[in-house]
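A.B. asks: One structure coming up, written as structure tokens, with questions to follow.
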Amino acid sequence: MENVYILQPVISDRSEALHDEAVALIESAGAAYAGTMYARIREVNPATYIGEGKLAELCERLRGLDVTVLFNGELSPSQTVNLSEGLEGKKVIDRTTLILDIFALRAESSEGKLQVELAQLRYLYPRLKGKGSALSRLGGGIGTRGPGETQLETDRRHIRSRIRSLEEKLGKTEKRRSLQTQRRQKDGVRTVALVGYTNTGKSTLLNALTGADVFVKDALFATLDPTSRRLEIQGMQFLLVDTVGFLQDLPHHLIEAFRSTLESALHCDLSLIVCDASADYETQFRTTMDTLTDLGFAAPYLLVMNKCDKAAAAGQMAALPHDAVCISAKTGMGLDRLKADIFSRLRDRFVCVELFVPYAHSAQYGAIRSLLSEREIEYTEEGMKVQAVIPIEHAEKFRSFSQTAR
């Protein structure tokens with residue numbers, strides 16, 4: 001198992017929270033946390049980010065140890081190379097590299113794998129110059145191009161070509177996803193998206209609400225690919241979608257890489273912003289909303305405080321927001337209230353009707369039957385009496401059968 005040592009820059013009062021996340025990220029990547037050195041940053045060193053004294057101290061501390069150094073922030077390509085050289089050749093990665101590694105580990109769908117590869121190549125491309133400068137020592141001087149430089153250009157061309165290919169494939173996937181969204185909207189399928197910080201229990205909540213068996217693990221980014229399941233509340237059919245979780249300081253280009261995955265949240269009828277009531281839920285909510293706002297999110301939402309069983313045991317319930325729905329997906333606490341609130345928020349999108357379908361018109365009714373949800377059917381000598389729920393945009397199609405609407 002790879003051992004990872006954290007170099008934690010101290011820039012703001014969020015540094016400790018970011019450090020705790022880094023430890024969780026290391027464990028999610030299947031590596032072992034080996035220790036931390038904090039470096040208070042007053043002025044960023046353009047060559048190594050940290051000062052020469054701190055770099056020398058870190059080098060002495062790690063001498064003889066087989067560790068990878070995680071800089072818990074974002075490094076430029078030259079800073080990565082210079083830090084590695086200053087640490088006697090030890091492997092140096094930054095936060096983005098670690099997150100991409102976890103994404104590659106978690107992606108299962110073909111689209112997820114394409115998105116991860118594209119994000120990795122976009123991140124790798126500007127970082128090739130460090131390798132190129134080392135390789136080109138084999139040849140150089142005015143009017144010459146050494147084999148190292150030739151290899152570098154070959155690598156660059158290959159990566160540019162692969163990036164274009166991946167962008168084209170993902171473009172086609174996004175078109176298909178867009179058509180599916182339009183079809184759902186046309187069919188009156190209401191979408192409820194589970195959105196929020198990573199590891200707040202979104203997948204557990206999906207399972208609890210729908211009876212599904214989606215993979216659940218107490219780890220950051222345990223679920224990367226979006227998952228959809230049918231949810232029925234009081235006879236109404238909804239599509240419940242679980243999405244990838246967010247994280248503090250998640251680089252914007254990574255968010256953009258997974259934009260198509262998050263489209264179910266951007267175009268949903270209602271979003272459930274899930275926070276961990278037993279943790280720093282204010283930071284979780286702020287991070288989630290900032291990220292969604294950057295993506296153009298404008299859907300109505302419910303604030304859902306999960307893991308309230310832990311919050312109650314710690315005496316933290318009184319401090320939770322009054323407008324939040326307090327639940328525990330693990331124990332089932334508050335799920336009936338959550339369903340009632342979802343129903344209430346989307347209630348005006350449906351109409352409850354009483355229909356009478358003469359047997360002679362069964363074929364006509366059968367052709368549009370999939371557009372409604374039947375709550376109760378009574379068979380009489382002349383035909384069927386149906387208590388049903390219809391999306392408001394399809395109500396006109398059933399007018400000839402309608403007896404009452406409310």
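Every chain in the structure tokens has a letter given in the order shown (A, B, ...), and although residue numbers restart at 1 in each chain, ligands are simply numbered from 1 in the order shown.
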Applying 12 Å and only C-alpha atoms, which residues near stretch 331-344 of chain A remain after dropping the ones on its own chain fewer than 4 positions away? List them as JSON, numbers by chain.
C.D. replies: {"A": [190, 191, 192, 193, 204, 205, 206, 207, 208, 209, 210, 211, 231, 232, 233, 234, 235, 236, 237, 238, 239, 240, 269, 270, 271, 272, 274, 300, 301, 302, 303, 304, 305, 306, 307, 308, 309, 310, 312, 323, 324, 325, 326, 327, 348, 349, 350]}
A.B. asks: Please provide the set of residues having any atom within 6 Å of stretch 60-77 of chain A, restricted to only C-alpha atoms, with same-chain residues fewer than 6 positions apart removed, written as a ChimeraX atom specification.
C.D. replies: /A:3-8,91-95,127
A.B. asks: If we count only C-alpha atoms, what is near A:His394 at a cut-off of 12 Å, once residues fewer than 4 positions away on the same chain are taken out, given as a list of chain:residue names?
C.D. replies: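 Contacts, in chain order: A:Gln185, A:Lys186, A:Asp187, A:Gly188, A:Val189, A:Arg349, A:Phe350, A:Val351, A:Cys352, A:Val353, A:Ile368, A:Arg369, A:Ser370, A:Leu371, A:Leu372, A:Ser373, A:Val389, A:Ile390, A:Phe398, A:Arg399.
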A.B. asks: What is the distance, in Å and to one decimal place, between atom CA of A:Ala17 and atom CA of A:Tyr38?
C.D. replies: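 Between these atoms lies a distance of 13.0 Å.
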A.B. asks: Atom CA of A:Leu194 and atom CA of A:Val241, how far apart in Å?
C.D. replies: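 Going from atom CA of A:Val241 over to atom CA of A:Leu194, I get 5.9 Å.
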A.B. asks: Hey, what's within 10 Å of stretch 54-58 of chain A if we count only C-alpha atoms and toss same-chain stuff fewer than 6 positions away? As number ranges by chain, please?
C.D. replies: A: 7, 36-40, 48, 69, 83, 86-87
A.B. asks: One number please: atom CA of A:Glu282 to atom CA of A:Asp294, in Å, one decimal.
C.D. replies: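 We find that atom CA of A:Glu282 and atom CA of A:Asp294 lie 18.3 Å from each other.
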A.B. asks: Could you name the residues that touch A:Tyr281 at 10 Å or less, counting only C-alpha atoms, but leaving out those on the same chain fewer than 3 positions away, as a list in words?
C.D. replies: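 What passes the distance filter is Tyr197, Thr200, Val274, Cys275, Asp276, Ala277, Ser278, Gln284, Phe285, Arg286, Thr287, Met305, Asn306, Leu320 and Pro321 of chain A.
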A.B. asks: Restricting the calculation to only C-alpha atoms: of A:Asp213, A:Ile392, A:Ala265, A:Ala47, which residue gets closest to A:Arg347?
C.D. replies: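 So, comparing all the options, the nearest one is A:Ile392.
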A.B. asks: Enumerate as a ChimeraX atom specification all residues of stretch 44-116 of chain A assigned to strand (DSSP E or B) by DSSP on the backbone, naming them with the chain letters and numbers the document uses.
C.D. replies: /A:45,49,68-71,92-94
A.B. asks: For the selection you just gave me, I'd like the residues written to a file as a PDB file, in the first residue's frame, keeping C-alpha atoms.
C.D. replies:
ATOM      1  CA  ASN A  45       7.218  31.101  -3.864  1.00  0.00           C
ATOM      2  CA  TYR A  49       5.149  27.404  -3.558  1.00  0.00           C
ATOM      3  CA  THR A  68       4.493  10.080  -1.910  1.00  0.00           C
ATOM      4  CA  VAL A  69       4.091  13.748  -0.995  1.00  0.00           C
ATOM      5  CA  LEU A  70       0.608  15.230  -1.380  1.00  0.00           C
ATOM      6  CA  PHE A  71       0.557  19.007  -1.651  1.00  0.00           C
ATOM      7  CA  VAL A  92       4.917  14.828  -5.596  1.00  0.00           C
ATOM      8  CA  ILE A  93       1.233  15.116  -6.438  1.00  0.00           C
ATOM      9  CA  ASP A  94      -1.339  17.810  -5.763  1.00  0.00           C
TER      10      ASP A  94
END
